[in-house]
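Source file: final-v7.txt; contents: compact mmCIF, C-alpha atoms.
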# COMPACT_ATOMS: atom_id res chain seq x y z
CA MET A 1 11.81 -98.89 48.44
CA ASN A 2 9.63 -101.39 50.29
CA GLY A 3 6.92 -103.62 48.89
CA ASP A 4 4.14 -101.15 49.55
CA ASP A 5 5.87 -98.39 47.60
CA ARG A 6 6.38 -100.67 44.64
CA TRP A 7 2.70 -101.60 44.66
CA ASP A 8 1.74 -97.94 44.56
CA ASP A 9 4.06 -97.27 41.62
CA ASP A 10 2.63 -100.20 39.69
CA ALA A 11 -0.94 -99.06 40.30
CA ARG A 12 -0.16 -95.48 39.20
CA ALA A 13 1.56 -96.78 36.08
CA ALA A 14 -1.41 -98.99 35.30
CA TYR A 15 -3.87 -96.04 35.48
CA GLN A 16 -1.61 -93.99 33.19
CA LEU A 17 -1.58 -96.63 30.44
CA PRO A 18 -3.68 -95.61 27.38
CA ILE A 19 -7.01 -97.45 27.20
CA GLU A 20 -7.65 -99.28 24.02
CA GLY A 21 -10.42 -97.60 21.95
CA GLU A 22 -10.58 -94.45 24.09
CA GLU A 23 -10.02 -92.08 21.15
CA GLN A 24 -12.80 -93.68 19.11
CA ALA A 25 -15.20 -93.58 22.07
CA ARG A 26 -14.57 -89.91 22.60
CA ASP A 27 -15.14 -89.14 18.91
CA ARG A 28 -18.39 -91.10 18.96
CA ALA A 29 -19.61 -89.19 22.00
CA ILE A 30 -18.83 -85.83 20.41
CA LEU A 31 -20.55 -86.84 17.19
CA ARG A 32 -23.65 -87.92 19.07
CA LEU A 33 -23.82 -84.66 20.99
CA ARG A 34 -23.57 -82.69 17.75
CA ARG A 35 -26.40 -84.68 16.18
CA GLU A 36 -28.67 -84.17 19.16
CA SER A 37 -27.95 -80.48 19.21
CA ALA A 38 -28.60 -80.13 15.50
CA LYS A 39 -31.81 -82.13 15.77
CA ARG A 40 -33.17 -79.80 18.49
CA ARG A 41 -32.66 -76.75 16.31
CA THR A 42 -34.23 -78.12 13.17
CA GLY A 43 -37.66 -78.78 14.68
CA MET A 44 -40.19 -76.21 13.46
CA GLY A 45 -41.02 -74.03 16.42
CA ALA A 46 -39.35 -76.57 18.67
CA TRP A 47 -38.33 -73.86 21.08
CA TRP A 48 -42.01 -73.30 21.94
CA VAL A 49 -42.14 -76.75 23.57
CA ASP A 50 -38.52 -77.55 24.27
CA PRO A 51 -37.66 -76.40 27.78
CA ASP A 52 -34.03 -75.87 26.78
CA GLY A 53 -34.90 -74.37 23.38
CA LEU A 54 -34.74 -70.70 24.30
CA ARG A 55 -31.94 -69.39 26.41
CA MET A 56 -31.49 -65.78 27.23
CA ARG A 57 -29.51 -63.73 29.66
CA PRO A 58 -31.74 -62.32 32.44
CA ALA A 59 -30.67 -58.78 31.64
CA LEU A 60 -31.59 -59.24 27.97
CA ALA A 61 -34.94 -60.76 28.94
CA ALA A 62 -35.69 -57.78 31.16
CA VAL A 63 -34.84 -55.40 28.32
CA CYS A 64 -37.17 -57.29 25.99
CA VAL A 65 -40.07 -57.15 28.46
CA LEU A 66 -39.50 -53.45 29.00
CA ALA A 67 -39.42 -52.84 25.25
CA VAL A 68 -42.74 -54.66 24.80
CA LEU A 69 -44.35 -52.56 27.53
CA VAL A 70 -43.03 -49.29 26.14
CA ILE A 71 -44.10 -50.12 22.58
CA GLY A 72 -47.56 -51.14 23.80
CA ALA A 73 -48.07 -47.97 25.80
CA TRP A 74 -46.79 -45.82 22.96
CA SER A 75 -49.04 -47.54 20.44
CA GLY A 76 -52.08 -47.19 22.70
CA ALA A 77 -51.43 -43.51 23.26
CA GLY A 78 -50.94 -43.01 19.55
CA TRP A 79 -54.19 -44.76 18.77
CA MET A 80 -56.07 -42.62 21.27
CA ALA A 81 -54.47 -39.51 19.87
CA SER A 82 -55.16 -40.48 16.25
CA ARG A 83 -58.85 -40.66 17.06
CA GLY A 84 -58.78 -37.18 18.52
CA VAL A 85 -60.52 -38.64 21.48
CA ARG A 86 -62.71 -36.53 23.65
CA ALA A 87 -62.70 -38.71 26.71
CA PRO A 88 -65.34 -37.62 29.15
CA ARG A 89 -66.04 -40.97 30.75
CA PRO A 90 -62.80 -41.61 32.60
CA SER A 91 -62.72 -38.21 34.20
CA ILE A 92 -66.36 -37.37 34.59
CA ALA A 93 -67.22 -36.02 37.99
CA THR A 94 -70.60 -34.81 39.13
CA LEU A 95 -70.22 -31.42 40.71
CA PRO A 96 -72.33 -30.11 43.58
CA SER A 97 -74.17 -27.66 41.35
CA GLY A 98 -75.64 -30.46 39.25
CA SER A 99 -73.16 -29.90 36.48
CA THR A 100 -70.56 -32.35 35.31
CA ALA A 101 -66.83 -31.94 34.73
CA VAL A 102 -65.99 -33.06 31.22
CA THR A 103 -62.48 -33.54 29.90
CA PHE A 104 -61.90 -32.57 26.29
CA VAL A 105 -58.90 -34.01 24.44
CA PHE A 106 -57.90 -32.87 20.98
CA ARG A 107 -54.96 -33.77 18.74
CA ALA A 108 -53.53 -30.85 16.81
CA PRO A 109 -50.04 -31.48 15.37
CA GLY A 110 -48.10 -28.30 14.85
CA ALA A 111 -50.58 -26.07 16.67
CA THR A 112 -49.25 -23.38 18.96
CA ARG A 113 -52.60 -22.63 20.60
CA VAL A 114 -55.88 -24.51 20.89
CA SER A 115 -59.06 -23.35 22.57
CA LEU A 116 -62.51 -24.72 23.16
CA VAL A 117 -65.60 -22.82 22.08
CA GLY A 118 -69.20 -23.72 22.67
CA ASP A 119 -72.53 -22.52 23.90
CA PHE A 120 -71.21 -22.96 27.45
CA ASN A 121 -68.66 -20.16 27.06
CA GLY A 122 -70.42 -17.87 24.61
CA TRP A 123 -68.31 -19.22 21.73
CA ASP A 124 -65.46 -17.06 22.95
CA PRO A 125 -62.11 -18.34 21.62
CA GLU A 126 -60.29 -16.67 24.50
CA ALA A 127 -62.44 -18.15 27.27
CA THR A 128 -61.27 -21.76 27.46
CA PRO A 129 -57.72 -22.43 26.27
CA LEU A 130 -56.56 -26.04 26.21
CA ALA A 131 -53.32 -27.06 27.90
CA ARG A 132 -50.69 -28.85 25.88
CA ALA A 133 -50.03 -32.37 27.12
CA THR A 134 -46.51 -33.66 27.51
CA THR A 135 -46.64 -35.46 24.16
CA GLY A 136 -46.85 -32.14 22.35
CA GLU A 137 -49.68 -32.90 19.92
CA ILE A 138 -52.39 -33.50 22.49
CA TRP A 139 -54.35 -30.68 24.06
CA ILE A 140 -56.56 -31.06 27.10
CA ALA A 141 -59.13 -29.02 29.03
CA GLN A 142 -61.58 -29.88 31.76
CA VAL A 143 -64.78 -27.89 31.84
CA PRO A 144 -67.78 -28.02 34.18
CA LEU A 145 -70.90 -28.29 32.04
CA GLU A 146 -74.55 -28.01 32.95
CA HIS A 147 -76.74 -30.93 32.05
CA GLY A 148 -78.22 -30.76 28.59
CA LEU A 149 -77.20 -30.60 24.96
CA HIS A 150 -74.09 -28.63 24.06
CA ALA A 151 -72.59 -27.67 20.73
CA TYR A 152 -68.85 -27.04 20.61
CA ALA A 153 -65.74 -26.89 18.43
CA PHE A 154 -62.00 -26.41 18.76
CA VAL A 155 -60.18 -23.32 17.52
CA ILE A 156 -56.62 -23.89 16.35
CA ASP A 157 -54.18 -20.98 16.46
CA GLY A 158 -57.07 -18.58 16.81
CA ARG A 159 -58.37 -19.01 13.27
CA ASP A 160 -59.19 -22.60 12.23
CA TRP A 161 -62.37 -24.09 13.63
CA ALA A 162 -62.56 -27.87 13.77
CA PRO A 163 -65.13 -30.31 15.13
CA ASP A 164 -64.22 -33.09 17.52
CA PRO A 165 -63.52 -36.13 15.32
CA SER A 166 -64.83 -38.55 17.92
CA ALA A 167 -68.12 -36.82 18.72
CA PRO A 168 -71.47 -36.65 16.96
CA LEU A 169 -71.76 -33.86 14.44
CA ALA A 170 -74.42 -31.18 14.35
CA PRO A 171 -76.70 -31.79 11.38
CA VAL A 172 -76.46 -28.28 9.96
CA ALA A 173 -73.34 -26.22 9.24
CA THR A 174 -74.91 -22.90 10.11
CA PHE A 175 -71.82 -20.77 9.64
CA GLY A 176 -69.71 -22.84 7.27
CA ARG A 177 -68.44 -25.73 9.38
CA ARG A 178 -70.30 -28.19 11.52
CA ASN A 179 -70.01 -28.24 15.29
CA SER A 180 -69.78 -31.26 17.52
CA LEU A 181 -72.53 -32.23 19.91
CA LEU A 182 -72.24 -33.29 23.53
CA VAL A 183 -75.00 -34.52 25.82
CA VAL A 184 -74.37 -34.22 29.55
CA GLY A 185 -76.64 -35.53 32.25
CA GLU A 186 -78.51 -38.24 30.42
CA ASP A 187 -77.44 -41.75 31.38
CA GLN A 188 -73.91 -40.80 30.45
CA ALA A 189 -72.04 -38.13 28.60
CA LEU A 190 -72.09 -38.64 24.87
CA MET B 1 -105.22 -21.86 50.85
CA ARG B 2 -101.79 -22.79 52.12
CA ARG B 3 -101.02 -24.34 48.76
CA LEU B 4 -102.05 -21.17 46.98
CA LEU B 5 -99.85 -19.12 49.27
CA ALA B 6 -96.93 -21.46 48.69
CA LEU B 7 -97.50 -21.26 44.94
CA ALA B 8 -97.62 -17.48 45.03
CA LEU B 9 -94.47 -17.37 47.12
CA ALA B 10 -92.69 -19.74 44.75
CA SER B 11 -93.80 -17.67 41.77
CA SER B 12 -92.55 -14.48 43.36
CA LEU B 13 -89.23 -16.11 44.09
CA LEU B 14 -88.87 -17.56 40.60
CA ALA B 15 -90.01 -14.53 38.64
CA PRO B 16 -87.01 -12.31 39.40
CA GLY B 17 -84.71 -15.18 38.50
CA ARG B 18 -86.38 -15.62 35.14
CA ALA B 19 -86.27 -11.92 34.49
CA SER B 20 -82.63 -11.66 35.46
CA GLY B 21 -81.87 -14.63 33.20
CA ASP B 22 -83.49 -12.85 30.25
CA GLU B 23 -81.70 -9.64 31.07
CA SER B 24 -78.44 -11.53 31.27
CA GLU B 25 -78.98 -13.02 27.82
CA GLU B 26 -79.88 -9.66 26.36
CA ALA B 27 -76.87 -8.06 28.00
CA ARG B 28 -74.60 -10.71 26.49
CA LEU B 29 -76.11 -10.15 23.06
CA ARG B 30 -75.73 -6.37 23.33
CA ALA B 31 -72.13 -6.78 24.47
CA ARG B 32 -71.16 -8.97 21.53
CA LEU B 33 -73.33 -7.79 18.64
CA LYS B 34 -73.54 -4.50 16.87
CA PRO B 35 -76.59 -2.48 18.02
CA GLU B 36 -78.28 -2.76 14.62
CA LEU B 37 -78.01 -6.55 14.84
CA ALA B 38 -78.60 -6.95 18.57
CA THR B 39 -82.02 -5.32 18.41
CA PRO B 40 -83.67 -7.69 15.89
CA VAL B 41 -81.96 -10.71 17.47
CA ILE B 42 -83.32 -9.76 20.88
CA GLU B 43 -86.78 -9.40 19.34
CA VAL B 44 -86.57 -12.97 18.09
CA VAL B 45 -85.38 -14.15 21.50
CA ARG B 46 -88.20 -12.33 23.29
CA SER B 47 -90.75 -13.75 20.88
CA ALA B 48 -89.45 -17.25 21.50
CA ALA B 49 -89.59 -16.71 25.26
CA ALA B 50 -93.18 -15.53 24.96
CA GLN B 51 -94.04 -18.79 23.20
CA GLY B 52 -92.37 -20.78 25.95
CA LEU B 53 -89.50 -21.91 23.76
CA PRO B 54 -85.95 -22.22 25.09
CA THR B 55 -83.95 -19.10 24.33
CA ALA B 56 -80.45 -20.28 25.17
CA PRO B 57 -79.95 -22.02 21.77
CA LEU B 58 -80.92 -18.80 19.99
CA VAL B 59 -78.47 -16.73 22.00
CA ALA B 60 -75.83 -19.38 21.34
CA ARG B 61 -76.42 -19.22 17.55
CA ALA B 62 -76.02 -15.45 17.58
CA LEU B 63 -72.83 -15.55 19.65
CA GLU B 64 -71.42 -18.34 17.52
CA GLY B 65 -72.04 -16.28 14.41
CA ALA B 66 -70.32 -13.30 15.97
CA SER B 67 -67.30 -15.39 16.97
CA ARG B 68 -67.09 -16.86 13.47
CA GLN B 69 -67.30 -13.32 12.09
CA ALA B 70 -70.39 -14.11 10.05
CA GLY B 71 -72.33 -11.30 8.43
CA ASP B 72 -75.24 -9.65 10.20
CA GLU B 73 -77.78 -11.02 7.75
CA ALA B 74 -76.44 -14.55 8.15
CA ILE B 75 -76.59 -14.31 11.93
CA LEU B 76 -80.13 -12.95 11.97
CA GLU B 77 -81.25 -15.56 9.47
CA ALA B 78 -79.68 -18.33 11.54
CA VAL B 79 -81.39 -17.15 14.72
CA ARG B 80 -84.78 -16.81 13.02
CA GLY B 81 -84.40 -20.20 11.37
CA TYR B 82 -83.51 -21.85 14.67
CA ALA B 83 -86.47 -20.23 16.40
CA ALA B 84 -88.74 -21.68 13.71
CA GLY B 85 -87.03 -25.04 14.18
CA LEU B 86 -87.66 -24.97 17.93
CA ALA B 87 -91.34 -24.22 17.36
CA ALA B 88 -91.62 -27.05 14.83
CA ALA B 89 -89.83 -29.41 17.21
CA ARG B 90 -92.34 -28.65 19.92
CA ARG B 91 -95.19 -29.33 17.51
CA ALA B 92 -93.66 -32.71 16.72
CA LEU B 93 -92.51 -33.71 20.21
CA GLY B 94 -95.32 -32.20 22.24
CA SER B 95 -95.56 -29.49 24.84
CA THR B 96 -93.91 -31.63 27.50
CA ALA B 97 -90.64 -31.90 25.58
CA ARG B 98 -87.63 -30.64 27.48
CA ALA B 99 -85.39 -27.84 26.28
CA ALA B 100 -82.60 -30.22 25.25
CA GLU B 101 -85.06 -32.33 23.24
CA LEU B 102 -86.38 -29.26 21.46
CA ASP B 103 -82.82 -28.12 20.76
CA ALA B 104 -81.85 -31.50 19.30
CA GLY B 105 -85.16 -31.76 17.44
CA ALA B 106 -84.74 -28.33 15.89
CA GLY B 107 -81.34 -29.32 14.52
CA ALA B 108 -82.73 -32.50 13.04
CA LEU B 109 -85.65 -30.69 11.42
CA MET B 110 -83.35 -28.07 9.94
CA ALA B 111 -81.30 -30.88 8.40
CA GLY B 112 -84.39 -32.10 6.57
CA VAL B 113 -85.78 -34.71 8.93
CA PRO B 114 -89.58 -34.51 8.62
CA GLU B 115 -91.73 -33.66 11.62
CA ASP B 116 -93.46 -37.02 11.21
CA SER B 117 -90.21 -38.81 11.99
CA LEU B 118 -89.83 -36.88 15.23
CA ALA B 119 -93.42 -37.63 16.16
CA SER B 120 -92.82 -41.34 15.42
CA LEU B 121 -89.76 -41.28 17.65
CA LYS B 122 -91.84 -39.74 20.42
CA ARG B 123 -94.40 -42.50 20.06
CA ALA B 124 -91.65 -45.13 20.11
CA ARG B 125 -90.28 -43.75 23.38
CA PRO B 126 -93.16 -41.87 24.98
CA SER B 127 -91.70 -41.41 28.45
CA GLY B 128 -87.94 -41.52 27.99
CA SER B 129 -85.62 -38.79 26.82
CA LEU B 130 -85.23 -38.38 23.06
CA VAL B 131 -82.08 -36.28 23.24
CA ILE B 132 -79.65 -39.05 22.37
CA PRO B 133 -81.80 -40.63 19.62
CA LEU B 134 -82.12 -37.19 18.04
CA VAL B 135 -78.40 -36.49 18.34
CA VAL B 136 -77.61 -39.87 16.77
CA LEU B 137 -80.07 -39.15 13.98
CA SER B 138 -78.48 -35.75 13.38
CA ASP B 139 -75.01 -37.28 13.28
CA PHE B 140 -76.09 -39.79 10.62
CA VAL B 141 -77.50 -37.03 8.45
CA ALA B 142 -74.33 -34.97 8.93
CA ARG B 143 -72.21 -37.89 7.78
CA GLY B 144 -74.12 -38.37 4.58
CA VAL B 145 -76.73 -40.97 5.45
CA PRO B 146 -79.87 -40.05 3.51
CA VAL B 147 -82.49 -38.56 5.79
CA ALA B 148 -84.98 -41.38 5.19
CA ASN B 149 -82.42 -44.07 5.98
CA ALA B 150 -81.13 -42.22 9.04
CA SER B 151 -84.65 -41.72 10.36
CA ASN B 152 -85.54 -45.35 9.73
CA ALA B 153 -82.41 -46.63 11.44
CA VAL B 154 -82.92 -44.62 14.63
CA LEU B 155 -86.66 -45.26 14.67
CA ALA B 156 -86.27 -49.02 14.18
CA ALA B 157 -83.62 -49.18 16.90
CA THR B 158 -85.75 -47.17 19.32
CA ARG B 159 -88.82 -49.27 18.59
CA ALA B 160 -86.77 -52.38 19.27
CA GLY B 161 -86.12 -51.01 22.74
CA ALA B 162 -82.49 -50.08 22.23
CA ALA B 163 -81.25 -48.01 25.15
CA ASP B 164 -79.10 -44.92 24.76
CA PRO B 165 -75.75 -46.73 25.16
CA ALA B 166 -76.73 -49.14 22.38
CA LEU B 167 -77.66 -46.23 20.13
CA LEU B 168 -74.31 -44.63 20.87
CA ARG B 169 -72.49 -47.83 19.98
CA MET B 170 -74.45 -48.06 16.75
CA ARG B 171 -73.44 -44.49 15.92
CA GLU B 172 -69.79 -45.25 16.54
CA ARG B 173 -69.88 -48.39 14.38
CA ILE B 174 -71.62 -46.64 11.52
CA ASP B 175 -69.19 -43.73 11.69
CA GLU B 176 -66.27 -46.17 11.61
CA ARG B 177 -67.73 -47.91 8.56
CA ILE B 178 -68.17 -44.61 6.76
CA LEU B 179 -64.62 -43.57 7.64
CA ARG B 180 -63.40 -46.88 6.21
CA GLY B 181 -65.03 -45.95 2.92
CA GLU B 182 -68.37 -47.74 3.04
CA ALA B 183 -71.35 -45.98 1.52
CA PRO B 184 -73.34 -44.22 4.26
CA THR B 185 -76.57 -45.96 3.30
CA GLY B 186 -75.05 -49.43 3.52
CA ALA B 187 -73.16 -48.52 6.68
CA SER B 188 -76.35 -47.41 8.43
CA ARG B 189 -78.16 -50.57 7.32
CA GLU B 190 -75.38 -52.78 8.65
CA GLY B 191 -75.13 -50.80 11.88
CA LEU B 192 -78.84 -51.20 12.47
CA ARG B 193 -78.69 -54.90 11.68
CA GLU B 194 -75.87 -55.41 14.19
CA LEU B 195 -77.77 -53.52 16.86
CA LEU B 196 -80.98 -55.47 16.32
CA MET B 197 -79.10 -58.75 16.47
CA LYS B 198 -77.78 -57.79 19.89
CA THR B 199 -80.89 -56.17 21.33
CA PRO B 200 -82.53 -58.50 23.87
CA GLY B 201 -85.98 -59.66 22.89
CA THR B 202 -85.54 -58.79 19.25
CA PRO B 203 -86.11 -61.66 16.83
CA LYS B 204 -82.83 -62.18 15.02
CA GLU B 205 -84.40 -62.42 11.60
CA ARG B 206 -85.87 -58.96 12.08
CA GLY B 207 -82.44 -57.48 11.74
CA SER B 208 -82.22 -58.42 8.11
CA ARG B 209 -85.65 -57.10 7.32
CA GLU B 210 -86.29 -53.58 6.10
CA PRO B 211 -87.70 -51.41 8.88
CA ARG B 212 -91.47 -51.04 8.73
CA GLU B 213 -91.25 -47.27 8.78
CA ARG B 214 -89.35 -47.26 5.50
CA ARG B 215 -92.56 -47.02 3.52
CA GLN B 216 -93.60 -43.84 5.30
CA PRO B 217 -90.50 -41.71 5.82
Would you kindly transcribe this structure into structure tokens?
Amino acid sequence: MNGDDRWDDDARAAYQLPIEGEEQARDRAILRLRRESAKRRTGMGAWWVDPDGLRMRPALAAVCVLAVLVIGAWSGAGWMASRGVRAPRPSIATLPSGSTAVTFVFRAPGATRVSLVGDFNGWDPEATPLARATTGEIWIAQVPLEHGLHAYAFVIDGRDWAPDPSAPLAPVATFGRRNSLLVVGEDQAL
Amino acid sequence: MRRLLALALASSLLAPGRASGDESEEARLRARLKPELATPVIEVVRSAAAQGLPTAPLVARALEGASRQAGDEAILEAVRGYAAGLAAARRALGSTARAAELDAGAGALMAGVPEDSLASLKRARPSGSLVIPLVVLSDFVARGVPVANASNAVLAATRAGAADPALLRMRERIDERILRGEAPTGASREGLRELLMKTPGTPKERGSREPRERRQP
């Protein structure tokens, strides 16, 4: 063993010697980290402003965003359906003959058949059946209507007549139940 | 001379169309009604046509009654009553009123709206269409707003210059209030107040005031 080797051994041995106070320093560092961590959590709503306050796996975040979108769309559709919305405005189209295509939407839970009757089809319950939408409770029909005032109603399962809950009502119930009113060709469909 | 010839030609072209339209209506009535009912209904329709009244609403009432399986007497009574309503609507709205206005006016009159109210509406909007104001008025009455309050609300809004879309929004808001359980009278008053507050050129304090027409429903 030459002098250089001995110097290396001494240096290695010196680095391996325990440092005085090392255990206490490590304990203090751990304690401080715990305090800081606990302090961050206790702040009321701190995660709104703390950049490290909210951690989430990307996959979980994507699932949350998707859930919000689905719930929003479902709620919106439910709200529209609960109003029994006749929605002529989004799908109105002026036809060459001067008439207008109007979309009727009606919510009828449990119905097996829904049709539209009005002065435009001779009040014939067989003339204008509505198609069931994919949701099951919503029924839809698009009808070309001449400009003017129209009275109409929905017929559920061939026997129950019901007005459109979102439309103006006729003032007189001539034959027992009121009809709904629709104006086409003024500034807009009513 | 050329104008006279053109007029004569136009009349000759239009006349068959009118006649075929009448025949079509009568054919529809005969196809759907029993003969003993079709005959008096067609008489009412012909009488209305002779007076220059629209006949389509009368045919519609008869067909509606048939589809609802109403009795013959009820159907005939409904058709006669509507014909009288159309005539009264023309008295109130004037001879220039369009078919849709007469139709809407007849419904309002049959619900108890006085002819004076229709005439006041015509004066408030002399050149524009009254179809939507009359439909809104009819809807209020149907939902339980007293006739005087309903008439006053629509008249005050029309006098304030509210356009049809504003009237439609007022109708929707009042209907929503009634559905939430508010009394129809209060709901119509609040709906009118909201509309007047938002109508351009209307003094804001006017919205809280009773409409002038209230004293003469």
Requested in this report: Record the distance separating atom CA of Asp119 of chain A and atom CA of Tyr152 of chain A, expressed in Å with one decimal.
Outcome: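 The value is 6.7 Å.
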Report task. Give as number ranges by chain every residue of chain A that touches chain B within 12 Å, counting all atoms listed in the file. Result -> A: 83, 117-127, 146-153, 155, 158-162, 165-190
Query raised in the report: Which residues come within 8 Å of segment 148-158 of chain B, counting only C-alpha atoms, excluding same-chain residues fewer than 4 positions away, as a PyMOL selection string?
Result: chain B and resi 113+117+120-121+124-125+133+136-137+140-141+162-163+167+185+188-189+192+195-196+211-214+217
May I have the selected residues written with C-alpha atoms, as a PDB file, in the frame of the given file?
ATOM      1  CA  VAL B 113     -85.780 -34.710   8.930  1.00  0.00           C
ATOM      2  CA  SER B 117     -90.210 -38.810  11.990  1.00  0.00           C
ATOM      3  CA  SER B 120     -92.820 -41.340  15.420  1.00  0.00           C
ATOM      4  CA  LEU B 121     -89.760 -41.280  17.650  1.00  0.00           C
ATOM      5  CA  ALA B 124     -91.650 -45.130  20.110  1.00  0.00           C
ATOM      6  CA  ARG B 125     -90.280 -43.750  23.380  1.00  0.00           C
ATOM      7  CA  PRO B 133     -81.800 -40.630  19.620  1.00  0.00           C
ATOM      8  CA  VAL B 136     -77.610 -39.870  16.770  1.00  0.00           C
ATOM      9  CA  LEU B 137     -80.070 -39.150  13.980  1.00  0.00           C
ATOM     10  CA  PHE B 140     -76.090 -39.790  10.620  1.00  0.00           C
ATOM     11  CA  VAL B 141     -77.500 -37.030   8.450  1.00  0.00           C
ATOM     12  CA  ALA B 162     -82.490 -50.080  22.230  1.00  0.00           C
ATOM     13  CA  ALA B 163     -81.250 -48.010  25.150  1.00  0.00           C
ATOM     14  CA  LEU B 167     -77.660 -46.230  20.130  1.00  0.00           C
ATOM     15  CA  THR B 185     -76.570 -45.960   3.300  1.00  0.00           C
ATOM     16  CA  SER B 188     -76.350 -47.410   8.430  1.00  0.00           C
ATOM     17  CA  ARG B 189     -78.160 -50.570   7.320  1.00  0.00           C
ATOM     18  CA  LEU B 192     -78.840 -51.200  12.470  1.00  0.00           C
ATOM     19  CA  LEU B 195     -77.770 -53.520  16.860  1.00  0.00           C
ATOM     20  CA  LEU B 196     -80.980 -55.470  16.320  1.00  0.00           C
ATOM     21  CA  PRO B 211     -87.700 -51.410   8.880  1.00  0.00           C
ATOM     22  CA  ARG B 212     -91.470 -51.040   8.730  1.00  0.00           C
ATOM     23  CA  GLU B 213     -91.250 -47.270   8.780  1.00  0.00           C
ATOM     24  CA  ARG B 214     -89.350 -47.260   5.500  1.00  0.00           C
ATOM     25  CA  PRO B 217     -90.500 -41.710   5.820  1.00  0.00           C
TER      26      PRO B 217
END
Query raised in the report: Between atom CA of Val102 of chain A and atom CA of Ala141 of chain A, what is the distance, to one decimal in Å?
Result: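 Value for the atom CA of Val102 of chain A-atom CA of Ala141 of chain A distance: 8.3 Å.
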**Report entry** Distance in Å - atom CA of Pro114 of chain B versus atom CA of Gly128 of chain B
**Finding:**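 Separation of atom CA of Pro114 of chain B and atom CA of Gly128 of chain B: 20.7 Å.
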Report task. Would you mind listing what lies within 9 Å of Gly94 of chain B as a list in words, with all atoms listed in the file counted and same-chain residues fewer than 4 positions away left out? Result ->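 Once the nearby chain positions are removed, what remains is Ala89, Arg90, Ala119 and Lys122 of chain B.
Checking B:Glu36, B:Glu190, B:Glu25, B:Asp116 one by one against Asp72 of chain B, counting only C-alpha atoms, you find the shortest gap at B:Glu36.
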Axis-aligned box for segment 55-61 of chain A, 6 Å per side, centre and edges in Å as JSON:
{"center_x": -32.2, "center_y": -64.1, "center_z": 29.4, "size_x": 17.4, "size_y": 22.6, "size_z": 18.0}
**Report entry** Closest of B:Ala31, B:Leu53, B:Val145, B:Ala166 to Ile178 of chain B - atom-to-atom distances counting only C-alpha atoms
**Finding:**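 For Ile178 of chain B, the nearest of the given residues is B:Val145.
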